[in-house]
Amino acid sequence: MHASKAYFSLTEILDPAHHKTHNEWHQLDHRPENLLLPGVAWGDRWVRSPDCARASSDLATKYANVHYAIMYWFRDPIQPTLDEFFMLSERSFQWGRSPQIGWTRRPLRGFFTPIKGYVAPRIRVSVDALPRRPVKGIYVSISRLKRHDTDTEAVFRWYDEIHLPDLLQCRGAAGAWTFASDDLFPPAWDDGAPPAWSFADRNSRETEAFPLRMQIVYLDEDPMDFLADVARHEPAWRAAGRLLDTSPVEEVFFASPFRMIVPWEWDWFNDNRSES
Amino acid sequence: MFAAVVHLSLTTLTDPTKHRAHNAWRQLDYDPELLLQPGVAWSDAWVRSPDCVRASAPDIESAIAGFHYAELCWLRAPGYSSAQSLTDFSECAFQMGRRPDGAWATQALSAYFVPLKGYVNARVLVSAEALPFRPMTGIHLTLSRLSAHDAAAEASFRWHDQVRIPRILGCAEVAGAWTFATRDLFKPERDLSAPALRLEVVYLDGDPLAFAAELGSHEQAWRKVPANPAMTGVEERLLAGPLRTIIPWRWDWFDVAGIESD
């Protein structure tokens with residue numbers, strides 16, 4: 001696998017006048033420096049534009065104002081990789097190149113272990129190459145796992161054998177990846193090394209009582225067309241017994257489409273504020 | 001240094017109806033797998049759209065004249081094994097039936113270069129090494145041939161480093177630049193009497209055509225500078241001009257008269 005861990009966060013811009021500066025900072029300054037780190041296999045960011053926000057479902061209030069999702073994939077060995085990742089974060093602050101701290105909030109951030117990648121039959125790239133393939137958007141769903149038992153395993157089997165293959169038949173679905181929060185993957189043994197995460201991440205872990213499960217569908221057509229096609233298929237899936245109530249084992253608290261971010265085309269929120 | 005060597009290819013499409021197919025193949029199939037190769041640090045491609053051609057100096061070499069795309073792939077150390085994996089990857093793609101470009105494209109140039117020095121405009125905060133990873137609106141590419149490996153050539157490189165590029169960095173649209181020399185000069189068995197290629201890539205975050213115009217006015221003035229190697233005959237300019245960034249699915253530069261290529 002091209003990466004053994006991934007970092008994912010949801011970002012809210014507290015001051016709507018800062019969408020342009022936020023995108024300038026991340027896309028033209030911070031991401032290039034991150035991609036240069038040898039342990040960073042890939043990094044991407046997507047916008048939850050107003051139409052995507054309207055198309056969200058299963059949304060807990062805490063995440064209602066999320067504007068962006070960001071993801072980095074990390075290569076082994078993970079400890080020096082994360083050391084470099086967090087060192088860049090602090091260096092950026094010390095360089096005076098972390099202006100985002102004045103206008104952002106991250107209601108969710110954490111480390112995940114990639115579970116399995118999928119590609120639609122029409123797509124020829126490998127699952128490892130999928131995150132590097134351009135997208136028009138993604139569809140993200142995140143849940144809290146209530147249990148870790150045979151029922152949960154059966155739900156994961158349903159996702160793997162039935163639901164994700166069904167989603168990949170829908171318009172624009174190029175592929176998908178599933179992830180589980182890395183709390184579920186403890187070190188094989190205690191070698192005395194400190195945990196490989198930052199103070200900021202430790203704080204977010206302490207507020208998250210349940211391990212998380214995340215699913216990302218990669219889209220090469222308009223995200224709204226994908227959602228409409230999913231809705232069109234659902235009656236047939238239900239009639240065929242291909243839908244499952246997963247609520248006994250998981251609480252889906254975030255499900256939303258996001259759009260690709262084209263450099264310098266950062267105008268999704270211009271209608272609601274003074275900045276252009 | 002994150003990359004020991006780069007590979008530059010200039011591609012010409014022999015079938016003008018295949019530009020969309022070419023970009024769909026390269027951007028949605030070939031490049032995602034290429035970026036996955038352990039030796040590949042970064043890869044990018046740009047289009048020489050018709051307006052870029054009009055803003056370019058006339059191509060001197062018939063072999064590279066009229067190319068449509070430039071691809072630059074940065075390869076990690078050790079350079080040889082990374083270059084070998086690049087070659088192997090290309091053949092594997094062919095063996096998997098994932099090189100349809102053979103039917104419509106030819107390579108006008110395929111060459112390895114050694115990165116020499118990176119430069120960034122003071123307003124651009126990233127390091128020189130991060131510059132290739134930074135989004136851009138396009139590049140300005142200059143390919144030259146040096147006829148000698150002597151004191152005059154060394155003086156011309158100094159002029160590039162101390163005069164030309166600092167002035168280029170002062171232009172409004174410029175984020176930074178990188179210079180490269182052919183890998184042939186870094187081989188133990190090198191032939192210093194052979195002509196050698198030199199590459200300059202200027203990274204742009206404004207209108208590539210506006211930069212080309214501004215650079216043109218500078219070059220008019222530099223013609224009067226005795227140290228300018230273009231005036232001493234040390235350096236022969238093979239191509240010089242702007243290229244545009246390729247945004248996924250916006251592959252319409254060569255659509256003609258309302259008819260899209262496939």
# chains A, B, ... in the order shown; residues from 1 in each chain; ligands from 1
call {"tool": "closest_atom_pairs", "arguments": {"of": "chain A", "to": "chain B", "cutoff": "8 Å", "atoms": "only C-alpha atoms", "output": "JSON lines"}}
result
{"residue": "A:His2", "atom": "CA", "partner": "B:Leu36", "partner_atom": "CA", "distance": 7.2}
{"residue": "A:Gln27", "atom": "CA", "partner": "B:Pro135", "partner_atom": "CA", "distance": 7.1}
{"residue": "A:Leu28", "atom": "CA", "partner": "B:Arg134", "partner_atom": "CA", "distance": 5.5}
{"residue": "A:Asp29", "atom": "CA", "partner": "B:Val126", "partner_atom": "CA", "distance": 5.7}
{"residue": "A:His30", "atom": "CA", "partner": "B:Val126", "partner_atom": "CA", "distance": 7.9}
{"residue": "A:Arg31", "atom": "CA", "partner": "B:Arg134", "partner_atom": "CA", "distance": 7.6}
{"residue": "A:Pro32", "atom": "CA", "partner": "B:Phe133", "partner_atom": "CA", "distance": 4.7}
{"residue": "A:Glu33", "atom": "CA", "partner": "B:Ala130", "partner_atom": "CA", "distance": 5.3}
{"residue": "A:Leu35", "atom": "CA", "partner": "B:Phe133", "partner_atom": "CA", "distance": 6.8}
{"residue": "A:Leu36", "atom": "CA", "partner": "B:Ala130", "partner_atom": "CA", "distance": 5.8}
{"residue": "A:Arg124", "atom": "CA", "partner": "B:Asp29", "partner_atom": "CA", "distance": 6.6}
{"residue": "A:Val125", "atom": "CA", "partner": "B:Asp29", "partner_atom": "CA", "distance": 5.7}
{"residue": "A:Ser126", "atom": "CA", "partner": "B:Glu33", "partner_atom": "CA", "distance": 7.3}
{"residue": "A:Asp128", "atom": "CA", "partner": "B:Leu36", "partner_atom": "CA", "distance": 7.4}
{"residue": "A:Ala129", "atom": "CA", "partner": "B:Glu33", "partner_atom": "CA", "distance": 5.2}
{"residue": "A:Leu130", "atom": "CA", "partner": "B:Pro32", "partner_atom": "CA", "distance": 6.9}
{"residue": "A:Pro131", "atom": "CA", "partner": "B:Pro32", "partner_atom": "CA", "distance": 7.9}
{"residue": "A:Arg132", "atom": "CA", "partner": "B:Pro32", "partner_atom": "CA", "distance": 4.9}
{"residue": "A:Arg133", "atom": "CA", "partner": "B:Pro32", "partner_atom": "CA", "distance": 5.0}
{"residue": "A:Pro134", "atom": "CA", "partner": "B:Leu28", "partner_atom": "CA", "distance": 6.4}
{"residue": "A:Val262", "atom": "CA", "partner": "B:Ile247", "partner_atom": "CA", "distance": 7.7}
{"residue": "A:Pro263", "atom": "CA", "partner": "B:Pro135", "partner_atom": "CA", "distance": 6.6}
call {"tool": "residues_around", "arguments": {"residues": "Val155 of chain A", "least_positions_apart": "6", "cutoff": "12 Å", "atoms": "only C-alpha atoms", "output": "NGL selection string"}}
result
:A and (145 or 147-149 or 161-164 or 213 or 242-250)
call {"tool": "select_by_dssp", "arguments": {"residues": "segment 49-274 of chain A", "states": "strand (DSSP E or B)", "output": "ChimeraX atom specification"}}
result
/A:57,68-74,104-119,137-145,173-181,212-219,250-260
call {"tool": "atom_distance", "arguments": {"atom1": "atom CA of Ser143 of chain A", "atom2": "atom CA of Phe8 of chain A"}}
result
13.7 Å
call {"tool": "closest_residue", "arguments": {"among": "A:Leu59, A:Ala180, A:Leu10, A:Ala3", "to": "Leu212 of chain A", "atoms": "only C-alpha atoms"}}
result
A:Ala180
call {"tool": "residues_around", "arguments": {"residues": "segment 37-41 of chain A", "least_positions_apart": "3", "cutoff": "6 Å", "atoms": "only C-alpha atoms", "output": "PyMOL selection string"}}
result
chain A and resi 34+73-75+81
call {"tool": "write_last_selection", "arguments": {"atoms": "N, CA and C atoms", "output": "PDB file, in the first residue's frame"}}
result
ATOM      1  N   ASN A  34       4.273  20.753   2.408  1.00  0.00           N
ATOM      2  CA  ASN A  34       3.946  19.424   2.916  1.00  0.00           C
ATOM      3  C   ASN A  34       4.248  18.342   1.881  1.00  0.00           C
ATOM      4  N   TRP A  73      -1.857  11.622   3.153  1.00  0.00           N
ATOM      5  CA  TRP A  73      -1.513  10.203   3.244  1.00  0.00           C
ATOM      6  C   TRP A  73      -0.022  10.115   3.607  1.00  0.00           C
ATOM      7  N   PHE A  74       0.307   9.187   4.529  1.00  0.00           N
ATOM      8  CA  PHE A  74       1.680   9.098   5.034  1.00  0.00           C
ATOM      9  C   PHE A  74       2.305   7.740   4.736  1.00  0.00           C
ATOM     10  N   ARG A  75       3.584   7.803   4.361  1.00  0.00           N
ATOM     11  CA  ARG A  75       4.357   6.583   4.124  1.00  0.00           C
ATOM     12  C   ARG A  75       5.007   6.106   5.428  1.00  0.00           C
ATOM     13  N   THR A  81       8.001  10.201   9.776  1.00  0.00           N
ATOM     14  CA  THR A  81       7.104  10.939   8.883  1.00  0.00           C
ATOM     15  C   THR A  81       6.265  11.935   9.667  1.00  0.00           C
TER      16      THR A  81
END
call {"tool": "atom_distance", "arguments": {"atom1": "atom CA of Leu143 of chain B", "atom2": "atom CA of Pro58 of chain B"}}
result
12.3 Å
call {"tool": "select_by_dssp", "arguments": {"residues": "segment 132-161 of chain A", "states": "alpha helix (DSSP H)", "output": "NGL selection string"}}
result
:A and (150-158)
call {"tool": "write_last_selection", "arguments": {"atoms": "N, CA and C atoms", "output": "mmCIF file, in the first residue's frame"}}
result
data_model
loop_
_atom_site.group_PDB
_atom_site.id
_atom_site.type_symbol
_atom_site.label_atom_id
_atom_site.label_comp_id
_atom_site.auth_asym_id
_atom_site.auth_seq_id
_atom_site.Cartn_x
_atom_site.Cartn_y
_atom_site.Cartn_z
ATOM 1 N N THR A 150 -19.525 -9.059 16.406
ATOM 2 C CA THR A 150 -19.875 -9.772 15.168
ATOM 3 C C THR A 150 -20.878 -8.977 14.331
ATOM 4 N N ASP A 151 -21.783 -8.232 14.978
ATOM 5 C CA ASP A 151 -22.725 -7.408 14.212
ATOM 6 C C ASP A 151 -21.986 -6.308 13.440
ATOM 7 N N THR A 152 -21.000 -5.720 14.097
ATOM 8 C CA THR A 152 -20.206 -4.676 13.431
ATOM 9 C C THR A 152 -19.457 -5.277 12.245
ATOM 10 N N GLU A 153 -18.890 -6.437 12.461
ATOM 11 C CA GLU A 153 -18.160 -7.100 11.374
ATOM 12 C C GLU A 153 -19.097 -7.373 10.202
ATOM 13 N N ALA A 154 -20.346 -7.740 10.504
ATOM 14 C CA ALA A 154 -21.315 -8.019 9.440
ATOM 15 C C ALA A 154 -21.652 -6.748 8.650
ATOM 16 N N VAL A 155 -21.723 -5.631 9.376
ATOM 17 C CA VAL A 155 -21.962 -4.348 8.684
ATOM 18 C C VAL A 155 -20.793 -4.023 7.761
ATOM 19 N N PHE A 156 -19.574 -4.220 8.238
ATOM 20 C CA PHE A 156 -18.400 -3.951 7.395
ATOM 21 C C PHE A 156 -18.408 -4.864 6.162
ATOM 22 N N ARG A 157 -18.857 -6.119 6.351
ATOM 23 C CA ARG A 157 -18.934 -7.051 5.212
ATOM 24 C C ARG A 157 -19.976 -6.557 4.201
ATOM 25 N N TRP A 158 -21.098 -6.016 4.725
ATOM 26 C CA TRP A 158 -22.130 -5.473 3.826
ATOM 27 C C TRP A 158 -21.575 -4.291 3.020
#
call {"tool": "atom_distance", "arguments": {"atom1": "atom CA of Ala122 of chain B", "atom2": "atom CA of Trp95 of chain A"}}
result
14.2 Å
call {"tool": "closest_residue", "arguments": {"among": "A:Glu234, A:Trp264, A:Phe93, A:His67", "to": "Gly206 of chain B", "atoms": "only C-alpha atoms"}}
result
A:Trp264
call {"tool": "residues_around", "arguments": {"residues": "Asp101 of chain B", "least_positions_apart": "6", "cutoff": "12 Å", "atoms": "only C-alpha atoms", "output": "number ranges by chain"}}
result
B: 11-15, 18-26, 29-30, 90, 93-94, 107
call {"tool": "residues_around", "arguments": {"residues": "Asn65 of chain A", "least_positions_apart": "3", "cutoff": "10 Å", "atoms": "only C-alpha atoms", "output": "ChimeraX atom specification"}}
result
/A:10-14,48,50,53,61-62,68,105,107
call {"tool": "write_last_selection", "arguments": {"atoms": "C-alpha atoms", "output": "PDB file, in the first residue's frame"}}
result
ATOM      1  CA  LEU A  10     -12.847  19.158   8.689  1.00  0.00           C
ATOM      2  CA  THR A  11     -12.249  22.903   8.734  1.00  0.00           C
ATOM      3  CA  GLU A  12     -14.616  25.768   9.433  1.00  0.00           C
ATOM      4  CA  ILE A  13     -13.718  29.338   8.483  1.00  0.00           C
ATOM      5  CA  LEU A  14     -14.871  31.512  11.347  1.00  0.00           C
ATOM      6  CA  ARG A  48     -18.002  22.075   0.911  1.00  0.00           C
ATOM      7  CA  PRO A  50     -23.049  26.073  -0.344  1.00  0.00           C
ATOM      8  CA  ALA A  53     -23.814  21.947   2.326  1.00  0.00           C
ATOM      9  CA  THR A  61     -24.857  20.420  14.555  1.00  0.00           C
ATOM     10  CA  LYS A  62     -21.172  20.594  15.379  1.00  0.00           C
ATOM     11  CA  TYR A  68     -13.292  22.308   3.811  1.00  0.00           C
ATOM     12  CA  ARG A 105     -11.769  25.862  13.684  1.00  0.00           C
ATOM     13  CA  PRO A 107     -14.402  20.308  14.612  1.00  0.00           C
TER      14      PRO A 107
END
call {"tool": "closest_residue", "arguments": {"among": "B:Glu61, B:Glu173, B:Asp51, B:Glu71", "to": "Glu236 of chain B", "atoms": "only C-alpha atoms"}}
result
B:Glu61
